[in-house]
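Here is the file work-v9.csv (CSV, C-alpha atoms and all ligand atoms).
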chain,number,residue,atom,x,y,z
A,289,MET,CA,1.4,-20.0,21.4
A,290,THR,CA,2.1,-16.3,20.8
A,291,ARG,CA,-0.1,-13.9,22.8
A,292,LEU,CA,-1.5,-11.3,20.5
A,293,VAL,CA,-3.0,-8.0,21.8
A,294,PRO,CA,-6.8,-8.2,22.4
A,295,GLY,CA,-8.6,-6.9,19.3
A,296,PHE,CA,-5.7,-7.9,17.0
A,297,LEU,CA,-6.7,-6.9,13.4
A,298,TRP,CA,-6.9,-9.8,11.0
A,299,GLY,CA,-7.7,-8.6,7.6
A,300,ALA,CA,-6.9,-7.9,4.0
A,301,ALA,CA,-6.0,-4.8,2.1
A,302,THR,CA,-6.7,-3.1,-1.3
A,303,ALA,CA,-6.2,0.3,-2.9
A,304,PRO,CA,-8.8,2.3,-4.9
A,305,HIS,CA,-7.1,2.5,-8.3
A,306,GLN,CA,-6.2,-1.1,-8.3
A,307,ILE,CA,-9.8,-2.4,-7.7
A,308,GLU,CA,-12.4,0.2,-8.4
A,309,GLY,CA,-12.3,0.7,-12.2
A,310,ASN,CA,-12.6,3.8,-14.4
A,311,ASN,CA,-10.6,6.1,-12.2
A,312,VAL,CA,-10.4,8.4,-15.2
A,313,ASN,CA,-9.6,11.6,-13.3
A,314,SER,CA,-6.4,10.2,-11.8
A,315,ASP,CA,-2.8,10.7,-13.0
A,316,TRP,CA,-2.4,6.9,-13.2
A,317,TRP,CA,-5.2,6.7,-15.8
A,318,LEU,CA,-3.4,9.2,-17.9
A,319,ARG,CA,-0.1,7.4,-17.4
A,320,GLU,CA,-1.8,4.2,-18.7
A,321,GLU,CA,-3.0,6.0,-21.8
A,322,LEU,CA,0.4,7.5,-22.6
A,323,MET,CA,2.9,4.8,-21.7
A,324,PRO,CA,3.5,2.3,-24.6
A,325,GLY,CA,3.3,-1.3,-23.4
A,326,MET,CA,1.5,-0.6,-20.2
A,327,GLU,CA,-1.6,-2.5,-19.4
A,328,ARG,CA,-4.7,-0.5,-18.4
A,329,SER,CA,-6.7,-0.5,-15.2
A,330,GLY,CA,-9.9,-0.1,-17.2
A,331,ASP,CA,-12.8,-1.5,-15.3
A,332,ALA,CA,-10.3,-2.9,-12.8
A,333,ILE,CA,-12.4,-5.5,-10.9
A,334,ASP,CA,-15.4,-3.1,-10.6
A,335,SER,CA,-15.1,-3.0,-6.8
A,336,TYR,CA,-16.5,0.5,-7.0
A,337,HIS,CA,-19.9,-1.2,-7.4
A,338,ARG,CA,-19.1,-4.6,-5.8
A,339,TYR,CA,-17.4,-3.6,-2.6
A,340,ALA,CA,-20.2,-5.0,-0.5
A,341,GLU,CA,-19.8,-8.4,-1.9
A,342,ASP,CA,-16.0,-8.2,-1.5
A,343,MET,CA,-16.3,-7.2,2.2
A,344,ARG,CA,-18.9,-9.9,2.8
A,345,LEU,CA,-16.6,-12.6,1.5
A,346,LEU,CA,-13.8,-11.4,3.9
A,347,ALA,CA,-16.2,-11.2,6.9
A,348,GLU,CA,-17.7,-14.6,6.2
A,349,ALA,CA,-14.3,-16.2,6.0
A,350,GLY,CA,-13.5,-15.0,9.5
A,351,LEU,CA,-11.5,-11.8,9.1
A,352,ASN,CA,-12.3,-8.8,11.3
A,353,SER,CA,-10.7,-5.9,9.3
A,354,TYR,CA,-10.5,-4.5,5.8
A,355,ARG,CA,-8.1,-1.9,4.6
A,356,PHE,CA,-9.3,0.2,1.7
A,357,GLY,CA,-8.7,3.6,0.3
A,358,ILE,CA,-10.5,6.8,-0.6
A,359,GLU,CA,-9.7,8.1,-4.0
A,360,TRP,CA,-8.8,11.8,-4.0
A,361,ALA,CA,-9.3,12.1,-7.8
A,362,ARG,CA,-13.0,11.2,-7.3
A,363,VAL,CA,-13.6,13.2,-4.2
A,364,GLU,CA,-12.1,16.4,-5.6
A,365,PRO,CA,-12.5,16.2,-9.4
A,366,SER,CA,-11.4,19.8,-9.8
A,367,PRO,CA,-9.4,21.9,-7.4
A,368,GLY,CA,-11.7,23.0,-4.6
A,369,HIS,CA,-14.8,21.3,-6.0
A,370,PHE,CA,-15.7,18.3,-3.8
A,371,SER,CA,-18.2,15.7,-4.8
A,372,ARG,CA,-20.7,15.0,-2.1
A,373,ALA,CA,-21.9,11.9,-3.9
A,374,GLU,CA,-18.4,10.4,-3.9
A,375,LEU,CA,-17.9,11.2,-0.2
A,376,ALA,CA,-21.3,9.5,0.4
A,377,HIS,CA,-20.0,6.5,-1.5
A,378,TYR,CA,-17.0,6.1,0.7
A,379,ARG,CA,-19.2,6.6,3.8
A,380,ARG,CA,-21.4,3.8,2.6
A,381,MET,CA,-18.2,1.6,2.3
A,382,ILE,CA,-17.3,2.5,5.9
A,383,ASP,CA,-20.8,1.7,7.1
A,384,THR,CA,-20.8,-1.6,5.1
A,385,ALA,CA,-17.6,-2.7,6.7
A,386,LEU,CA,-18.8,-1.7,10.2
A,387,ASP,CA,-22.1,-3.6,9.7
A,388,LEU,CA,-20.2,-6.7,8.7
A,389,GLY,CA,-17.9,-6.5,11.7
A,390,LEU,CA,-14.9,-5.5,9.7
A,391,LYS,CA,-12.8,-2.7,11.3
A,392,PRO,CA,-12.1,-0.3,8.5
A,393,VAL,CA,-8.5,0.8,8.0
A,394,VAL,CA,-8.8,3.7,5.7
A,395,THR,CA,-6.0,5.0,3.4
A,396,LEU,CA,-6.4,8.6,2.2
A,397,HIS,CA,-3.7,8.5,-0.5
A,398,HIS,CA,-2.5,5.4,-2.3
A,399,PHE,CA,-0.1,6.3,-5.2
A,400,THR,CA,-2.7,8.2,-7.3
A,401,HIS,CA,-3.4,11.9,-7.5
A,402,PRO,CA,-6.1,13.9,-9.3
A,403,ARG,CA,-4.8,14.9,-12.7
A,404,TRP,CA,-5.0,18.5,-11.9
A,405,PHE,CA,-2.7,18.0,-8.9
A,406,SER,CA,0.0,16.3,-11.0
A,407,GLU,CA,-0.2,18.6,-14.0
A,408,GLY,CA,1.5,21.3,-12.0
A,409,ASP,CA,4.4,20.6,-9.6
A,410,GLY,CA,2.3,18.3,-7.5
A,411,TRP,CA,3.8,17.9,-4.0
A,412,MET,CA,6.6,20.3,-4.8
A,413,ALA,CA,4.2,23.1,-5.7
A,414,ALA,CA,4.0,26.0,-3.3
A,415,ASP,CA,0.5,25.1,-2.4
A,416,GLY,CA,0.9,21.3,-2.7
A,417,ILE,CA,0.5,20.5,0.9
A,418,GLU,CA,-2.3,23.0,1.4
A,419,ARG,CA,-4.2,21.2,-1.4
A,420,PHE,CA,-3.8,17.9,0.3
A,421,GLU,CA,-4.9,19.4,3.6
A,422,LYS,CA,-8.1,20.7,2.1
A,423,TYR,CA,-8.9,17.2,0.8
A,424,VAL,CA,-8.1,15.6,4.1
A,425,ARG,CA,-10.3,18.2,6.0
A,426,ARG,CA,-13.2,17.3,3.7
A,427,VAL,CA,-12.7,13.6,4.2
A,428,THR,CA,-12.8,13.9,8.0
A,429,GLU,CA,-16.5,14.6,7.6
A,430,ILE,CA,-17.1,10.9,6.7
A,431,LEU,CA,-14.7,9.2,9.1
A,432,GLU,CA,-16.9,8.8,12.2
A,433,GLY,CA,-16.4,5.3,13.7
A,434,VAL,CA,-13.2,4.7,11.8
A,435,GLU,CA,-10.4,3.7,14.2
A,436,TRP,CA,-7.5,3.5,11.9
A,437,VAL,CA,-6.4,6.0,9.2
A,438,CYS,CA,-3.3,5.8,7.0
A,439,THR,CA,-2.5,9.2,5.6
A,440,VAL,CA,-0.2,8.3,2.7
A,441,ASN,CA,0.6,4.8,1.4
A,442,GLU,CA,4.3,4.1,0.9
A,443,PRO,CA,5.6,7.6,0.7
A,444,ASN,CA,9.1,6.2,0.0
A,445,MET,CA,7.6,4.4,-3.1
A,446,LEU,CA,5.7,7.5,-4.0
A,447,ALA,CA,8.8,9.6,-3.9
A,448,LEU,CA,10.6,7.1,-6.1
A,449,MET,CA,7.6,7.0,-8.5
A,450,VAL,CA,7.9,10.8,-9.1
A,451,GLY,CA,11.5,10.2,-10.2
A,452,MET,CA,10.5,7.3,-12.4
A,453,THR,CA,7.9,9.4,-14.1
A,454,ARG,CA,10.5,12.0,-14.9
A,455,MET,CA,12.8,9.3,-16.4
A,456,ALA,CA,9.9,7.8,-18.4
A,457,LYS,CA,9.1,11.2,-19.9
A,458,ALA,CA,12.7,11.7,-20.9
A,459,ALA,CA,12.9,8.2,-22.4
A,460,MET,CA,9.7,8.8,-24.3
A,461,ALA,CA,11.0,12.0,-25.8
A,462,THR,CA,14.1,10.3,-27.2
A,463,GLY,CA,12.2,7.2,-28.4
A,464,GLU,CA,13.9,5.0,-25.8
A,465,ASP,CA,12.3,1.9,-24.3
A,466,VAL,CA,10.3,3.0,-21.3
A,467,LYS,CA,9.7,-0.5,-19.9
A,468,LYS,CA,12.0,-0.1,-17.0
A,469,TRP,CA,10.2,3.0,-15.8
A,470,MET,CA,6.7,1.5,-16.2
A,471,SER,CA,5.9,-0.1,-12.9
A,472,PRO,CA,7.2,0.8,-9.5
A,473,THR,CA,6.4,-2.6,-8.0
A,474,VAL,CA,7.4,-5.1,-10.7
A,475,GLU,CA,11.0,-6.0,-10.9
A,476,GLY,CA,12.6,-7.6,-14.0
A,477,ALA,CA,15.5,-7.9,-16.3
A,478,ALA,CA,14.8,-4.3,-17.6
A,479,ARG,CA,15.3,-2.8,-14.2
A,480,PRO,CA,16.9,-5.2,-11.7
A,481,VAL,CA,17.1,-2.6,-8.8
A,482,LEU,CA,14.6,0.1,-8.0
A,483,PRO,CA,16.0,3.7,-8.1
A,484,ASP,CA,16.3,5.7,-4.9
A,485,PRO,CA,13.4,7.8,-3.8
A,486,ASP,CA,14.0,11.5,-4.1
A,487,PRO,CA,14.7,12.8,-0.5
A,488,GLU,CA,13.4,16.3,-1.3
A,489,ILE,CA,10.0,14.8,-2.2
A,490,GLY,CA,10.3,12.5,0.7
A,491,ARG,CA,10.7,15.4,3.1
A,492,ARG,CA,7.8,17.2,1.5
A,493,LEU,CA,5.6,14.1,2.0
A,494,ALA,CA,6.6,13.9,5.6
A,495,GLU,CA,5.4,17.5,6.0
A,496,ALA,CA,2.1,16.6,4.3
A,497,HIS,CA,1.7,13.6,6.6
A,498,HIS,CA,2.3,15.8,9.7
A,499,ALA,CA,-0.2,18.4,8.5
A,500,ALA,CA,-2.8,15.7,7.8
A,501,ARG,CA,-2.1,14.1,11.2
A,502,GLU,CA,-2.9,17.4,12.9
A,503,ILE,CA,-6.2,17.8,11.1
A,504,LEU,CA,-7.2,14.2,11.7
A,505,ARG,CA,-6.3,14.4,15.4
A,506,LYS,CA,-8.4,17.5,15.8
A,507,ARG,CA,-11.4,16.3,13.8
A,508,THR,CA,-11.6,12.5,14.4
A,509,ASP,CA,-10.9,9.9,17.1
A,510,ALA,CA,-8.9,7.7,14.8
A,511,LYS,CA,-5.4,6.4,15.3
A,512,ILE,CA,-3.2,8.1,12.7
A,513,GLY,CA,-0.2,6.7,10.8
A,514,TRP,CA,1.4,6.2,7.4
A,515,THR,CA,2.6,3.1,5.8
A,516,VAL,CA,6.2,2.5,4.7
A,517,ALA,CA,7.5,0.1,2.1
A,518,ALA,CA,10.0,-2.0,3.9
A,519,GLN,CA,12.6,-3.8,1.8
A,520,ALA,CA,13.9,-5.8,4.7
A,521,LEU,CA,17.5,-5.0,3.8
A,522,VAL,CA,20.3,-7.1,5.2
A,523,ALA,CA,24.1,-6.2,5.2
A,524,ARG,CA,26.5,-8.6,3.7
A,525,PRO,CA,29.5,-9.1,6.0
A,526,GLY,CA,31.5,-5.9,6.3
A,527,CYS,CA,28.8,-3.8,4.6
A,528,GLU,CA,27.0,-2.5,7.7
A,529,GLU,CA,27.9,1.2,6.9
A,530,ARG,CA,26.6,0.9,3.3
A,531,LEU,CA,23.4,-0.7,4.6
A,532,ARG,CA,22.8,2.3,6.9
A,533,GLU,CA,23.3,4.7,4.0
A,534,VAL,CA,20.8,2.8,1.8
A,535,GLN,CA,18.3,2.5,4.6
A,536,ASP,CA,18.5,6.2,5.4
A,537,VAL,CA,17.5,7.2,1.9
A,538,ARG,CA,15.0,4.4,1.3
A,539,GLU,CA,13.3,3.9,4.6
A,540,ASN,CA,14.6,5.7,7.7
A,541,LEU,CA,13.6,9.2,6.6
A,542,TYR,CA,10.0,7.9,6.5
A,543,LEU,CA,10.2,5.8,9.7
A,544,GLU,CA,11.7,8.7,11.6
A,545,ALA,CA,8.8,10.9,10.4
A,546,ALA,CA,6.4,8.4,12.1
A,547,ARG,CA,7.7,9.1,15.6
A,548,GLY,CA,4.8,10.6,17.4
A,549,ASP,CA,2.2,8.8,15.2
A,550,ASP,CA,-0.3,6.3,16.8
A,551,PHE,CA,1.0,3.5,14.6
A,552,ILE,CA,3.3,2.7,11.8
A,553,GLY,CA,2.1,0.7,8.8
A,554,VAL,CA,4.7,-1.8,7.7
A,555,GLN,CA,4.5,-3.3,4.2
A,556,SER,CA,6.9,-6.0,3.3
A,557,TYR,CA,7.1,-8.7,0.6
A,558,SER,CA,10.7,-9.7,0.2
A,559,SER,CA,14.2,-9.1,1.5
A,560,GLN,CA,17.4,-8.1,-0.2
A,561,ASP,CA,21.1,-8.0,0.6
A,562,VAL,CA,23.2,-4.9,0.6
A,563,ASP,CA,26.9,-5.2,-0.5
A,564,GLU,CA,29.5,-2.5,-1.1
A,565,ASN,CA,27.7,-1.4,-4.3
A,566,GLY,CA,24.3,-1.1,-2.7
A,567,ILE,CA,21.3,-3.3,-3.1
A,568,VAL,CA,21.9,-6.7,-4.6
A,569,PRO,CA,19.3,-7.6,-7.3
A,570,HIS,CA,16.9,-10.4,-6.4
A,571,PRO,CA,18.4,-13.8,-7.4
A,572,GLN,CA,16.3,-15.4,-10.1
A,573,THR,CA,15.3,-18.9,-9.0
A,574,PRO,CA,12.3,-21.1,-9.6
A,575,ASP,CA,10.8,-19.6,-6.4
A,576,THR,CA,10.9,-16.0,-7.8
A,577,THR,CA,7.4,-14.4,-7.5
A,578,LEU,CA,5.4,-12.9,-10.3
A,579,THR,CA,6.7,-9.5,-9.4
A,580,GLY,CA,10.3,-10.6,-9.8
A,581,ASN,CA,10.9,-10.7,-6.0
A,582,ALA,CA,12.7,-13.5,-4.2
A,583,TYR,CA,10.5,-15.8,-2.1
A,584,ARG,CA,11.3,-14.4,1.4
A,585,PRO,CA,8.6,-15.0,4.0
A,586,ASP,CA,11.2,-14.0,6.6
A,587,ALA,CA,11.0,-10.4,5.3
A,588,ILE,CA,8.2,-9.3,7.5
A,589,GLY,CA,10.1,-10.2,10.7
A,590,ILE,CA,13.2,-8.2,9.5
A,591,ALA,CA,10.9,-5.3,8.5
A,592,VAL,CA,8.9,-5.0,11.8
A,593,ARG,CA,12.1,-5.2,13.9
A,594,HIS,CA,13.7,-2.4,11.8
A,595,ALA,CA,10.6,-0.2,12.0
A,596,TRP,CA,10.3,-0.8,15.8
A,597,LYS,CA,13.9,0.3,16.2
A,598,VAL,CA,13.9,3.4,14.0
A,599,THR,CA,10.5,4.7,15.1
A,600,ASP,CA,11.6,4.3,18.8
A,601,GLY,CA,8.7,1.9,19.5
A,602,VAL,CA,5.7,3.1,17.6
A,603,PRO,CA,3.1,0.4,17.6
A,604,ILE,CA,3.0,-1.6,14.3
A,605,LEU,CA,0.2,-2.6,12.0
A,606,VAL,CA,1.3,-4.8,9.2
A,607,THR,CA,-0.7,-3.0,6.5
A,608,GLU,CA,0.6,-5.2,3.6
A,609,ASN,CA,2.3,-8.5,3.2
A,610,GLY,CA,1.7,-11.1,0.5
A,611,ILE,CA,3.0,-12.9,-2.6
A,612,ALA,CA,2.4,-12.6,-6.3
A,613,THR,CA,1.7,-16.1,-7.4
A,614,ALA,CA,-0.7,-18.1,-9.5
A,615,ASP,CA,-0.3,-21.1,-7.1
A,616,ASP,CA,-2.5,-20.6,-4.1
A,617,THR,CA,-0.7,-23.3,-2.1
A,618,ARG,CA,2.4,-21.1,-2.3
A,619,ARG,CA,0.4,-18.2,-1.0
A,620,ILE,CA,-0.6,-20.3,2.0
A,621,ALA,CA,2.9,-21.6,2.6
A,622,TYR,CA,4.4,-18.0,2.3
A,623,THR,CA,1.8,-16.5,4.6
A,624,SER,CA,2.1,-19.2,7.2
A,625,GLU,CA,5.9,-18.8,7.3
A,626,ALA,CA,5.5,-15.0,7.3
A,627,LEU,CA,3.2,-15.2,10.3
A,628,GLY,CA,5.7,-17.4,12.1
A,629,HIS,CA,8.3,-14.7,11.6
A,630,LEU,CA,5.9,-12.0,12.7
A,631,PHE,CA,5.0,-13.9,15.8
A,632,ALA,CA,8.6,-14.4,16.7
A,633,ALA,CA,9.1,-10.6,16.6
A,634,VAL,CA,6.0,-10.2,18.8
A,635,GLU,CA,7.5,-12.6,21.3
A,636,GLU,CA,10.7,-10.5,21.4
A,637,GLY,CA,8.5,-7.6,22.5
A,638,VAL,CA,7.6,-5.8,19.2
A,639,ASP,CA,4.1,-4.3,19.6
A,640,VAL,CA,2.2,-5.5,16.6
A,641,ARG,CA,-1.5,-4.6,16.5
A,642,GLY,CA,-2.6,-6.4,13.3
A,643,TYR,CA,-1.9,-8.3,10.1
A,644,LEU,CA,-3.6,-7.1,6.9
A,645,HIS,CA,-2.8,-9.4,3.9
A,646,TRP,CA,-2.1,-8.0,0.5
A,647,SER,CA,-4.4,-8.4,-1.2
A,648,ALA,CA,-8.1,-9.2,-0.7
A,649,LEU,CA,-8.6,-9.7,-4.4
A,650,ASP,CA,-6.5,-10.2,-7.6
A,651,ASN,CA,-6.1,-6.7,-8.9
A,652,PHE,CA,-4.4,-4.2,-11.2
A,653,GLU,CA,-0.7,-4.4,-10.2
A,654,TRP,CA,0.3,-0.9,-11.4
A,655,GLY,CA,0.6,-1.5,-15.1
A,656,HIS,CA,0.3,-5.3,-15.0
A,657,TRP,CA,-2.5,-7.8,-14.5
A,658,GLU,CA,-0.4,-10.9,-14.4
A,659,PRO,CA,1.0,-10.7,-10.8
A,660,THR,CA,-1.9,-12.0,-8.7
A,661,PHE,CA,-1.8,-11.3,-5.0
A,662,GLY,CA,-5.4,-12.0,-4.1
A,663,LEU,CA,-7.1,-14.3,-1.6
A,664,ILE,CA,-10.1,-14.0,-4.0
A,665,ALA,CA,-9.8,-14.5,-7.8
A,666,VAL,CA,-11.9,-12.4,-10.1
A,667,ASP,CA,-13.2,-13.2,-13.6
A,668,ARG,CA,-12.4,-9.9,-15.4
A,669,GLU,CA,-15.2,-10.5,-18.0
A,670,THR,CA,-18.1,-11.1,-15.6
A,671,PHE,CA,-16.5,-9.7,-12.4
A,672,GLU,CA,-17.5,-12.9,-10.6
A,673,ARG,CA,-15.6,-13.5,-7.4
A,674,HIS,CA,-14.0,-16.9,-6.6
A,675,PRO,CA,-12.5,-17.2,-3.2
A,676,LYS,CA,-9.3,-19.1,-3.1
A,677,PRO,CA,-8.4,-21.7,-0.4
A,678,SER,CA,-6.0,-19.2,1.1
A,679,LEU,CA,-9.0,-17.0,2.1
A,680,ALA,CA,-10.6,-19.8,4.1
A,681,TRP,CA,-7.2,-20.6,5.5
A,682,LEU,CA,-6.4,-17.1,6.7
A,683,GLY,CA,-10.0,-16.7,8.0
A,684,ASP,CA,-9.4,-19.8,10.1
A,685,VAL,CA,-6.1,-18.5,11.5
A,686,ALA,CA,-7.9,-15.3,12.3
A,687,ARG,CA,-10.7,-17.1,14.1
A,688,ARG,CA,-8.3,-19.1,16.2
A,689,GLY,CA,-5.8,-16.3,16.6
A,690,HIS,CA,-2.8,-18.5,16.0
A,691,LEU,CA,-1.3,-20.7,13.4
B,1,LIG,C1,1.7,-1.2,-2.8
B,1,LIG,C2,0.5,-2.0,-3.5
B,1,LIG,C3,1.1,-3.0,-4.4
B,1,LIG,C4,1.8,-4.0,-3.6
B,1,LIG,C5,2.4,-5.2,-4.3
B,1,LIG,C6,2.8,-2.1,-2.5
B,1,LIG,O1,4.0,-1.5,-3.0
B,1,LIG,O2,1.2,-0.4,-1.7
B,1,LIG,O3,-0.3,-1.0,-4.1
B,1,LIG,O4,0.1,-3.6,-5.2
B,1,LIG,O5,2.9,-3.4,-2.9
B,1,LIG,O6,3.3,-4.9,-5.2
Could I get this file's structure written as structure tokens?
Amino acid sequence: MTRLVPGFLWGAATAPHQIEGNNVNSDWWLREELMPGMERSGDAIDSYHRYAEDMRLLAEAGLNSYRFGIEWARVEPSPGHFSRAELAHYRRMIDTALDLGLKPVVTLHHFTHPRWFSEGDGWMAADGIERFEKYVRRVTEILEGVEWVCTVNEPNMLALMVGMTRMAKAAMATGEDVKKWMSPTVEGAARPVLPDPDPEIGRRLAEAHHAAREILRKRTDAKIGWTVAAQALVARPGCEERLREVQDVRENLYLEAARGDDFIGVQSYSSQDVDENGIVPHPQTPDTTLTGNAYRPDAIGIAVRHAWKVTDGVPILVTENGIATADDTRRIAYTSEALGHLFAAVEEGVDVRGYLHWSALDNFEWGHWEPTFGLIAVDRETFERHPKPSLAWLGDVARRGHL
């Protein structure tokens, strides 16, 4: 039986835009309005109002942690104008989690920006970082009792998304099909391989993360980190050099920026090979998940070992891992195998502090509703919650602390 650290976090994760609903002041809302063929978040699953019920279901199942986010677009609707009511809303969420015995893991930025931020040059604007710092400073006012804070979710995906937005705009201007630039997380025939993240934006995000870390360290007692999308890349024979190049642009820049952090969030879903041409597209098999990824529960083991090596031993929190499937028995099989791979890494000496499953609930998958990752299903007409067997299963693993 693998020995886990005392207080190991067993939980599930969400992000504001994907679950809250009516995030109308965010750039993603605008994107959904403008992009032909894109599904809308709309009311999402109304977790803005139903968060207490969501958290209660997780706690009752046996989990001890919940990762959720604070939405910048709500907290700062116009530059420099902060909403006390929204800050109070997120404080109520933190209190609800604590009252239920769920350790909150709070994300300050998860893919979305206030519209006013993106209308200009966003992160690349001269005052881009300063604007983020102002937001972070305000948020520290409500973070008492929070032990884990993620500054930016998947900065490598975020840097890639900025490039995709550029390409989508160009495609729209010429009347081209924009499908392949629609969603950052759903693979498909239209776009078999994700483009590279823009390293200039990546470096800027690293600066923003370091600035936020400084503020958070001064003003809170929380452990600070950011969360990196890990593609669990593996070299085909003879392609080790190529692998290194691809990893440098896609992941290592972001992992290296985490040296000196209190933890690194590792988020992994699938694994891909690298050959002399770069990343090999996911093979399409009957196992392929609803986001077009190969079924690879071993990915998390590859991902945490890589993060451990590149960060020079920063403690790891698995902040996302899961599978888009309509078949909950596949979710249980995937997660059970994934935990086996994670525990194997722990036994080798990788310091893993928790496992947060993506996702607590079926939610808005960035332009698509079909890929369902949740431990809890939601009726999108009535917003009724229906826990799936996988929730009880994971809760049971959490209570026992082993598979
Ligand atoms: C993101 C989530 C997303 C998940 C599944 C990650 O890239 O942080 O927002 O829903 O993967 O695709």
For this session: Could you pull out every residue with an atom within 12 Å of (-5.2, -12.8, -6.7), file coordinates, counting only C-alpha atoms, and send them as a PyMOL selection string?
Result: chain A and resi 300-302+306-307+333+578+610-616+619+645-653+657-668+673-679
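Distance annotation: of A:Gln535, A:Thr576, A:Thr428, A:Gln519, the residue with the minimal separation from ligand LIG 1 (chain B) is A:Gln519; atom set is all atoms listed in the file.
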Problem set entry | Neighbour list for region 559-567 of chain A as a ChimeraX atom specification, cut-off 9 Å, only C-alpha atoms, skip fewer than 3 positions in-chain | /A:481-482,518-531,533-534,556,570,581-588,590-591
So that I have them on file, write out the residues from the current selection with C-alpha atoms, as a PDB file, keeping the file's coordinate frame.
ATOM      1  CA  VAL A 481      17.100  -2.600  -8.800  1.00  0.00           C
ATOM      2  CA  LEU A 482      14.600   0.100  -8.000  1.00  0.00           C
ATOM      3  CA  ALA A 518      10.000  -2.000   3.900  1.00  0.00           C
ATOM      4  CA  GLN A 519      12.600  -3.800   1.800  1.00  0.00           C
ATOM      5  CA  ALA A 520      13.900  -5.800   4.700  1.00  0.00           C
ATOM      6  CA  LEU A 521      17.500  -5.000   3.800  1.00  0.00           C
ATOM      7  CA  VAL A 522      20.300  -7.100   5.200  1.00  0.00           C
ATOM      8  CA  ALA A 523      24.100  -6.200   5.200  1.00  0.00           C
ATOM      9  CA  ARG A 524      26.500  -8.600   3.700  1.00  0.00           C
ATOM     10  CA  PRO A 525      29.500  -9.100   6.000  1.00  0.00           C
ATOM     11  CA  GLY A 526      31.500  -5.900   6.300  1.00  0.00           C
ATOM     12  CA  CYS A 527      28.800  -3.800   4.600  1.00  0.00           C
ATOM     13  CA  GLU A 528      27.000  -2.500   7.700  1.00  0.00           C
ATOM     14  CA  GLU A 529      27.900   1.200   6.900  1.00  0.00           C
ATOM     15  CA  ARG A 530      26.600   0.900   3.300  1.00  0.00           C
ATOM     16  CA  LEU A 531      23.400  -0.700   4.600  1.00  0.00           C
ATOM     17  CA  GLU A 533      23.300   4.700   4.000  1.00  0.00           C
ATOM     18  CA  VAL A 534      20.800   2.800   1.800  1.00  0.00           C
ATOM     19  CA  SER A 556       6.900  -6.000   3.300  1.00  0.00           C
ATOM     20  CA  HIS A 570      16.900 -10.400  -6.400  1.00  0.00           C
ATOM     21  CA  ASN A 581      10.900 -10.700  -6.000  1.00  0.00           C
ATOM     22  CA  ALA A 582      12.700 -13.500  -4.200  1.00  0.00           C
ATOM     23  CA  TYR A 583      10.500 -15.800  -2.100  1.00  0.00           C
ATOM     24  CA  ARG A 584      11.300 -14.400   1.400  1.00  0.00           C
ATOM     25  CA  PRO A 585       8.600 -15.000   4.000  1.00  0.00           C
ATOM     26  CA  ASP A 586      11.200 -14.000   6.600  1.00  0.00           C
ATOM     27  CA  ALA A 587      11.000 -10.400   5.300  1.00  0.00           C
ATOM     28  CA  ILE A 588       8.200  -9.300   7.500  1.00  0.00           C
ATOM     29  CA  ILE A 590      13.200  -8.200   9.500  1.00  0.00           C
ATOM     30  CA  ALA A 591      10.900  -5.300   8.500  1.00  0.00           C
TER      31      ALA A 591
END
Exercise. Using all atoms listed in the file, which of the listed residues (A:Phe296, A:Tyr423, A:Trp317, A:Phe399) sits closest to ligand LIG 1 (chain B)?
Worked result: A:Phe399
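When all atoms listed in the file are used to compute distances to Leu493 (chain A), the closest of the residues A:Glu464, A:Glu635, A:Glu407, A:Glu442 turns out to be A:Glu442.
Minimum distance to ligand LIG 1 (chain B) across A:Ala621, A:Val394, A:Val440, A:Met343 (counting only C-alpha atoms and all ligand atoms) occurs at A:Val440.
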Seminar exercise, completed: The distance between CA of Ala447 (chain A) and CA of Gly490 (chain A) is 5.6 Å
Exercise. By how many Å are CA of Lys468 (chain A) and CA of Gly416 (chain A) apart?
Worked result: 28.0 Å
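With all atoms listed in the file as the atoms that count, the residue of A:Ser471, A:Ser353, A:Thr617, A:Asn540 with the shortest distance to ligand LIG 1 (chain B) is A:Ser471.
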Exercise. Within 7 Å of (-16.7, 9.3, 18.2), all atoms listed in the file: residues as a PyMOL selection string?
Worked result: chain A and resi 432-433+509
So that I have them on file, write out the residues from the current selection with C-alpha atoms, as a PDB file, keeping the file's coordinate frame.
ATOM      1  CA  GLU A 432     -16.900   8.800  12.200  1.00  0.00           C
ATOM      2  CA  GLY A 433     -16.400   5.300  13.700  1.00  0.00           C
ATOM      3  CA  ASP A 509     -10.900   9.900  17.100  1.00  0.00           C
TER       4      ASP A 509
END
Residues within 10 Å of Ala496 (chain A), please, as a PDB file with C-alpha atoms, in the frame of the given file. Count all atoms listed in the file; anything in the same chain fewer than 4 positions from it doesn't count.
ATOM      1  CA  TRP A 411       3.800  17.900  -4.000  1.00  0.00           C
ATOM      2  CA  GLY A 416       0.900  21.300  -2.700  1.00  0.00           C
ATOM      3  CA  ILE A 417       0.500  20.500   0.900  1.00  0.00           C
ATOM      4  CA  GLU A 418      -2.300  23.000   1.400  1.00  0.00           C
ATOM      5  CA  ARG A 419      -4.200  21.200  -1.400  1.00  0.00           C
ATOM      6  CA  PHE A 420      -3.800  17.900   0.300  1.00  0.00           C
ATOM      7  CA  GLU A 421      -4.900  19.400   3.600  1.00  0.00           C
ATOM      8  CA  THR A 439      -2.500   9.200   5.600  1.00  0.00           C
ATOM      9  CA  VAL A 440      -0.200   8.300   2.700  1.00  0.00           C
ATOM     10  CA  GLY A 490      10.300  12.500   0.700  1.00  0.00           C
ATOM     11  CA  ARG A 491      10.700  15.400   3.100  1.00  0.00           C
ATOM     12  CA  ARG A 492       7.800  17.200   1.500  1.00  0.00           C
ATOM     13  CA  ALA A 500      -2.800  15.700   7.800  1.00  0.00           C
ATOM     14  CA  ARG A 501      -2.100  14.100  11.200  1.00  0.00           C
ATOM     15  CA  GLU A 502      -2.900  17.400  12.900  1.00  0.00           C
TER      16      GLU A 502
END
